[in-house]
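Peer 1: Here's a structure for you.
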Amino acid sequence: MNSIKLLEKLVSFDTVSSKSNLELVSWVTELLGKHGIEYRLTTNDEGTKQNIFASVGPRVSGGVILSGHTDVVPVVGQEWKSDPFTLTERDGRLYGRGTCDMKGFIASALAALIKASAQPLSKPLYLALSYDEEIGCLGVPRLIDDIADIIPRPRAVIIGEPTEMQPITQHKGSFRSKICLTGKAGHSSQPSLGVSAIHYAGKVLQGLSEYADELKASPYKDSALNPNYTVINTGLISGGTAPNVFAQNCEMTLATRFMPTETVGTHKLKFERIVSDVEKRMQNHAPECSAQVVIENNIPAFKPEENSEAVKICELLVGPRPSGAVGFGTEAGHFQEAGFSTVVFGPGSINQAHQANEFIEIEQMNAIDECLAKLIDLQM
């Protein structure tokens, strides 16, 4: 089955993370069923999104999982030269939302699984498709929990994010957090009767800025990651009701990208110390004031593996290539924490991801098709 024809269909589904992916899931599972391929579904709590885990071949160890996410980022506010949900070919490129990140890989993996279903495999081949990767890797933990005890130990997981076919063996972890401050509302003409949550949020921001400067001043000099230190970004802040009212509430949302040797807990503790100090100062004016840190999600860091089975497979597919590190996050850390040897390896360039007029080179599609054809041979 032609991977580009499959990509054309996959792109036609508007699977922006804020929407359901069930229409895409229904089409994929119907296609799998036509070829007698077994699959399992796991569903989110709301019943609006599903993961797919499909398998071909015998139930033995040594399988390879091809993994991708079905959701894409929004197109709102972007200037596209063509319909982002209609695959359009121009000058050797395939344009459309998700072509690069990462429906191009999914199309090739789906074509490979269908081809493999008709082959006498001696080791299994799997396809794992998740939901909500773009908003915090929310779907893949449920998928991993579902398969952990029901499939023989696989040899490797290949996460097909766009790396231009270079094996990637590490990236930072990340977590999103909220800092919520509650002050005391009052008329701005009477400062002794009110406590502005926004005012004290500024003091929290000052503390966070100083902490970020400390991290930048102590980089990991031997790390291949760029930048080679933890980065803290306050991306959202809201609060207050009117200019003449002391703001009772203020909330800020942070994204922290931390180095693989660090933990969420270390940074959370530092955040809590900063916030606790500000809270005490607020309570000196009004005891009912409060401030707290809430961790909303955590994407585990992806760490280099010694004698990685996943990297060995990549070398069999494309020959020896230097492994690298990337600045973006993936689902690799989740699979690695579950004990699976993992590599990030896929077609396309991250430079095209999330952009207007996103594209993947046809040459890159041909390259991943060739690699997965070799993988089928390895599993026979």
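Ordering of the structure tokens sets the chain letters (A, B, ...), residue numbers begin anew at 1 in every chain, and ligands are numbered from 1 in the order given.
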As a PyMOL selection string, please: every residue in stretch 150-370 of chain A that a backbone DSSP assignment puts in helix (DSSP H, G or I).

Peer 2: chain A and resi 191-193+197-216+264-283+309-318+332-337+350-352+362-370

Peer 1: Taking the backbone alone, and naming residues the way the document does, which bits of stretch 44-99 of chain A are strand (DSSP E or B) by DSSP, as a list in words?

Peer 2: Gln50, Asn51, Ile52, Phe53, Ala54, Ser55, Val56, Val64, Ile65, Leu66, Ser67, Gly68, His69, Val72, Thr88, Glu89, Arg90, Arg93, Leu94 and Tyr95 of chain A

Peer 1: Please provide as a PyMOL selection string all residues within 9 Å of A:Gly98, with the sequence filter that same-chain residues fewer than 2 positions apart are discarded (counting only C-alpha atoms).

Peer 2: chain A and resi 10-11+70-73+84-85+95-96+100-104+353-354+358-359

Peer 1: Write out as a PyMOL selection string the residues lying within 7 Å of stretch 171-185 of chain A, counting only C-alpha atoms and excluding same-chain residues fewer than 6 positions away.

Peer 2: chain A and resi 194-197+245-260+289-303+325-329

Peer 1: If I take atom CA of A:Leu6 and atom CA of A:Asp146, how far is one from the other in Å, to one decimal?

Peer 2: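 One can read the atom CA of A:Leu6 to atom CA of A:Asp146 distance as 26.8 Å.
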
Peer 1: Identify which of the residues A:Asp14, A:Glu210, A:Glu133, A:Glu161 lies closest to A:Ile106, counting only C-alpha atoms when measuring atom-to-atom distances.

Peer 2: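 Of all the options, A:Glu161 lies closest to A:Ile106.
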
Peer 1: Using only C-alpha atoms, which residues sit within 10 Å of A:Lys5 once same-chain residues fewer than 2 positions away are excluded, as a PDB file with all heavy atoms, in the first residue's frame?

Peer 2:
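Below you can see selection_25.pdb, which holds the result:
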ATOM      1  N   MET A   1       0.846  -1.195   0.000  1.00  0.00           N
ATOM      2  CA  MET A   1       0.000   0.000   0.000  1.00  0.00           C
ATOM      3  C   MET A   1       0.878   1.240   0.000  1.00  0.00           C
ATOM      4  O   MET A   1       1.863   1.311   0.731  1.00  0.00           O
ATOM      5  CB  MET A   1      -0.939  -0.023   1.213  1.00  0.00           C
ATOM      6  CG  MET A   1      -1.939   1.113   1.231  1.00  0.00           C
ATOM      7  SD  MET A   1      -3.292   0.849   2.392  1.00  0.00           S
ATOM      8  CE  MET A   1      -4.245  -0.392   1.512  1.00  0.00           C
ATOM      9  N   ASN A   2       0.530   2.220  -0.798  1.00  0.00           N
ATOM     10  CA  ASN A   2       1.336   3.419  -0.986  1.00  0.00           C
ATOM     11  C   ASN A   2       1.243   4.336   0.227  1.00  0.00           C
ATOM     12  O   ASN A   2       0.161   4.765   0.637  1.00  0.00           O
ATOM     13  CB  ASN A   2       0.850   4.148  -2.245  1.00  0.00           C
ATOM     14  CG  ASN A   2       1.711   5.338  -2.581  1.00  0.00           C
ATOM     15  OD1 ASN A   2       1.635   6.348  -1.910  1.00  0.00           O
ATOM     16  ND2 ASN A   2       2.520   5.198  -3.621  1.00  0.00           N
ATOM     17  N   SER A   3       2.401   4.680   0.801  1.00  0.00           N
ATOM     18  CA  SER A   3       2.404   5.495   2.018  1.00  0.00           C
ATOM     19  C   SER A   3       1.903   6.916   1.759  1.00  0.00           C
ATOM     20  O   SER A   3       1.272   7.524   2.636  1.00  0.00           O
ATOM     21  CB  SER A   3       3.807   5.537   2.624  1.00  0.00           C
ATOM     22  OG  SER A   3       4.725   6.167   1.753  1.00  0.00           O
ATOM     23  N   LEU A   7      -0.936   8.920   3.620  1.00  0.00           N
ATOM     24  CA  LEU A   7      -0.693  10.235   4.199  1.00  0.00           C
ATOM     25  C   LEU A   7      -1.774  11.222   3.771  1.00  0.00           C
ATOM     26  O   LEU A   7      -2.230  12.049   4.580  1.00  0.00           O
ATOM     27  CB  LEU A   7       0.687  10.747   3.785  1.00  0.00           C
ATOM     28  CG  LEU A   7       1.074  12.150   4.276  1.00  0.00           C
ATOM     29  CD1 LEU A   7       1.021  12.245   5.792  1.00  0.00           C
ATOM     30  CD2 LEU A   7       2.462  12.520   3.759  1.00  0.00           C
ATOM     31  N   GLU A   8      -2.179  11.128   2.526  1.00  0.00           N
ATOM     32  CA  GLU A   8      -3.240  12.016   2.032  1.00  0.00           C
ATOM     33  C   GLU A   8      -4.505  11.870   2.878  1.00  0.00           C
ATOM     34  O   GLU A   8      -5.143  12.868   3.248  1.00  0.00           O
ATOM     35  CB  GLU A   8      -3.546  11.680   0.569  1.00  0.00           C
ATOM     36  CG  GLU A   8      -4.619  12.550  -0.048  1.00  0.00           C
ATOM     37  CD  GLU A   8      -4.864  12.210  -1.513  1.00  0.00           C
ATOM     38  OE1 GLU A   8      -4.516  11.073  -1.927  1.00  0.00           O
ATOM     39  OE2 GLU A   8      -5.403  13.069  -2.233  1.00  0.00           O
ATOM     40  N   LYS A   9      -4.844  10.649   3.206  1.00  0.00           N
ATOM     41  CA  LYS A   9      -6.035  10.414   4.028  1.00  0.00           C
ATOM     42  C   LYS A   9      -5.815  10.878   5.463  1.00  0.00           C
ATOM     43  O   LYS A   9      -6.695  11.516   6.066  1.00  0.00           O
ATOM     44  CB  LYS A   9      -6.401   8.924   3.996  1.00  0.00           C
ATOM     45  CG  LYS A   9      -7.700   8.606   4.695  1.00  0.00           C
ATOM     46  CD  LYS A   9      -8.900   9.224   3.979  1.00  0.00           C
ATOM     47  CE  LYS A   9     -10.214   8.838   4.638  1.00  0.00           C
ATOM     48  NZ  LYS A   9     -11.382   9.458   3.967  1.00  0.00           N
ATOM     49  N   LEU A  10      -4.662  10.580   6.016  1.00  0.00           N
ATOM     50  CA  LEU A  10      -4.383  10.970   7.406  1.00  0.00           C
ATOM     51  C   LEU A  10      -4.414  12.478   7.581  1.00  0.00           C
ATOM     52  O   LEU A  10      -4.940  12.989   8.584  1.00  0.00           O
ATOM     53  CB  LEU A  10      -3.017  10.418   7.833  1.00  0.00           C
ATOM     54  CG  LEU A  10      -2.923   8.906   8.021  1.00  0.00           C
ATOM     55  CD1 LEU A  10      -1.466   8.472   8.146  1.00  0.00           C
ATOM     56  CD2 LEU A  10      -3.718   8.465   9.252  1.00  0.00           C
ATOM     57  N   LEU A  87      -3.664  17.283   1.393  1.00  0.00           N
ATOM     58  CA  LEU A  87      -2.280  17.054   1.005  1.00  0.00           C
ATOM     59  C   LEU A  87      -2.033  17.656  -0.377  1.00  0.00           C
ATOM     60  O   LEU A  87      -2.746  17.359  -1.334  1.00  0.00           O
ATOM     61  CB  LEU A  87      -1.967  15.559   0.992  1.00  0.00           C
ATOM     62  CG  LEU A  87      -0.482  15.194   0.843  1.00  0.00           C
ATOM     63  CD1 LEU A  87       0.298  15.594   2.093  1.00  0.00           C
ATOM     64  CD2 LEU A  87      -0.324  13.694   0.584  1.00  0.00           C
ATOM     65  N   ALA A 107       2.050   7.230   8.268  1.00  0.00           N
ATOM     66  CA  ALA A 107       1.634   6.651   6.985  1.00  0.00           C
ATOM     67  C   ALA A 107       2.578   5.548   6.555  1.00  0.00           C
ATOM     68  O   ALA A 107       2.156   4.461   6.124  1.00  0.00           O
ATOM     69  CB  ALA A 107       1.571   7.750   5.921  1.00  0.00           C
ATOM     70  N   SER A 108       3.875   5.791   6.670  1.00  0.00           N
ATOM     71  CA  SER A 108       4.860   4.787   6.281  1.00  0.00           C
ATOM     72  C   SER A 108       4.789   3.568   7.195  1.00  0.00           C
ATOM     73  O   SER A 108       4.880   2.424   6.741  1.00  0.00           O
ATOM     74  CB  SER A 108       6.262   5.403   6.316  1.00  0.00           C
ATOM     75  OG  SER A 108       7.217   4.483   5.841  1.00  0.00           O
ATOM     76  N   ALA A 111       1.700   1.538   6.358  1.00  0.00           N
ATOM     77  CA  ALA A 111       1.929   0.770   5.132  1.00  0.00           C
ATOM     78  C   ALA A 111       2.827  -0.433   5.408  1.00  0.00           C
ATOM     79  O   ALA A 111       2.598  -1.531   4.879  1.00  0.00           O
ATOM     80  CB  ALA A 111       2.556   1.669   4.066  1.00  0.00           C
TER      81      ALA A 111
END

Peer 1: Find the residues near A:Gly324: any atom within 10 Å, counting only C-alpha atoms, skip ones fewer than 2 places away on the same chain, and give them as a list in words.

Peer 2: Thr163, Gln166, Pro167, Ile168, Thr169, Gln170, His171, Ala224, Leu225, Pro304, Arg321, Pro322, Val326 and Val344 of chain A

Peer 1: Output C-alpha atoms of each residue in that selection to a file, as a CSV table (one decimal), in the first residue's frame.

Peer 2:
chain,number,residue,atom,x,y,z
A,163,THR,CA,14.9,13.9,12.8
A,166,GLN,CA,19.3,10.7,12.3
A,167,PRO,CA,19.1,8.5,15.5
A,168,ILE,CA,18.3,10.7,18.5
A,169,THR,CA,19.2,9.3,21.9
A,170,GLN,CA,18.5,12.2,24.3
A,171,HIS,CA,16.4,15.2,25.0
A,224,ALA,CA,25.3,17.7,23.7
A,225,LEU,CA,22.0,19.4,24.5
A,304,PRO,CA,21.3,7.9,26.3
A,321,ARG,CA,25.4,7.4,11.9
A,322,PRO,CA,26.3,9.6,14.8
A,326,VAL,CA,17.3,17.5,20.3
A,344,VAL,CA,13.8,8.9,18.1

Peer 1: What is the atom CA of A:Pro124-atom CA of A:Ile150 distance in Å, reported with one decimal?

Peer 2: 13.4 Å

Peer 1: Within 10 Å of stretch 364-367 of chain A, counting only C-alpha atoms, which residues qualify if same-chain residues fewer than 3 places away don't, as JSON, numbers by chain?

Peer 2: {"A": [3, 4, 7, 93, 94, 99, 100, 104, 105, 107, 108, 162, 164, 165, 318, 346, 347, 348, 349, 360, 361, 370, 371, 372, 373]}

Peer 1: I need the residues from that last selection saved to file as a compact mmCIF listing (two decimals), in the first residue's frame (with N, CA and C atoms), if you can.

Peer 2:
# COMPACT_ATOMS: atom_id res chain seq x y z
N SER A 3 2.40 4.68 0.80
CA SER A 3 2.40 5.50 2.02
C SER A 3 1.90 6.92 1.76
N ILE A 4 2.17 7.45 0.57
CA ILE A 4 1.73 8.82 0.28
C ILE A 4 0.21 8.88 0.16
N LEU A 7 -0.94 8.92 3.62
CA LEU A 7 -0.69 10.23 4.20
C LEU A 7 -1.77 11.22 3.77
N ARG A 93 7.73 18.35 -2.62
CA ARG A 93 7.34 18.43 -1.21
C ARG A 93 5.86 18.15 -1.07
N LEU A 94 5.49 17.57 0.08
CA LEU A 94 4.10 17.30 0.40
C LEU A 94 3.69 18.23 1.53
N THR A 99 2.15 16.70 8.11
CA THR A 99 2.95 15.91 7.17
C THR A 99 4.30 15.57 7.77
N CYS A 100 4.91 16.56 8.42
CA CYS A 100 6.22 16.37 9.03
C CYS A 100 6.10 15.84 10.45
N GLY A 104 3.52 11.77 8.39
CA GLY A 104 4.33 11.14 7.35
C GLY A 104 4.90 9.81 7.83
N PHE A 105 5.44 9.82 9.06
CA PHE A 105 5.96 8.56 9.62
C PHE A 105 4.83 7.57 9.85
N ALA A 107 2.05 7.23 8.27
CA ALA A 107 1.63 6.65 6.99
C ALA A 107 2.58 5.55 6.56
N SER A 108 3.88 5.79 6.67
CA SER A 108 4.86 4.79 6.28
C SER A 108 4.79 3.57 7.20
N PRO A 162 10.28 13.87 13.53
CA PRO A 162 11.17 14.31 12.43
C PRO A 162 12.60 14.59 12.89
N GLU A 164 15.20 13.88 10.36
CA GLU A 164 15.93 13.74 9.10
C GLU A 164 16.72 12.43 9.07
N MET A 165 16.13 11.40 9.67
CA MET A 165 16.68 10.04 9.67
C MET A 165 17.98 9.93 10.46
N VAL A 318 20.06 2.08 8.31
CA VAL A 318 20.66 3.19 7.55
C VAL A 318 22.18 3.22 7.61
N GLY A 346 13.09 9.49 12.56
CA GLY A 346 12.00 9.59 11.60
C GLY A 346 12.30 10.57 10.49
N PRO A 347 11.38 10.64 9.51
CA PRO A 347 11.59 11.48 8.34
C PRO A 347 11.18 12.93 8.59
N GLY A 348 11.74 13.83 7.80
CA GLY A 348 11.37 15.23 7.89
C GLY A 348 12.24 16.00 8.86
N SER A 349 12.09 17.31 8.82
CA SER A 349 12.88 18.20 9.68
C SER A 349 11.98 18.91 10.68
N ILE A 360 6.77 17.80 4.14
CA ILE A 360 7.79 16.77 4.20
C ILE A 360 8.26 16.51 2.78
N GLU A 361 9.56 16.33 2.61
CA GLU A 361 10.11 16.04 1.29
C GLU A 361 9.69 14.63 0.86
N GLU A 370 11.82 2.88 2.65
CA GLU A 370 12.91 1.93 2.41
C GLU A 370 13.41 1.33 3.73
N CYS A 371 13.54 2.18 4.75
CA CYS A 371 14.01 1.69 6.05
C CYS A 371 13.05 0.68 6.65
N LEU A 372 11.75 0.98 6.58
CA LEU A 372 10.77 0.08 7.20
C LEU A 372 10.63 -1.21 6.39
N ALA A 373 10.90 -1.16 5.10
CA ALA A 373 10.94 -2.40 4.31
C ALA A 373 12.09 -3.28 4.79

Peer 1: Report, in Å with one decimal, the straight-line distance from atom CA of A:Ile144 to atom CA of A:His334.

Peer 2: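 Atom CA of A:His334 lies at a distance of 8.1 Å from atom CA of A:Ile144.
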
Peer 1: Point out the residue among A:Ile65, A:Ala112, A:Leu138, A:Val278 with the least atom-to-atom distance to A:Val343, counting only C-alpha atoms.

Peer 2: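 Using only C-alpha atoms, the shortest distance to A:Val343 belongs to A:Ile65.
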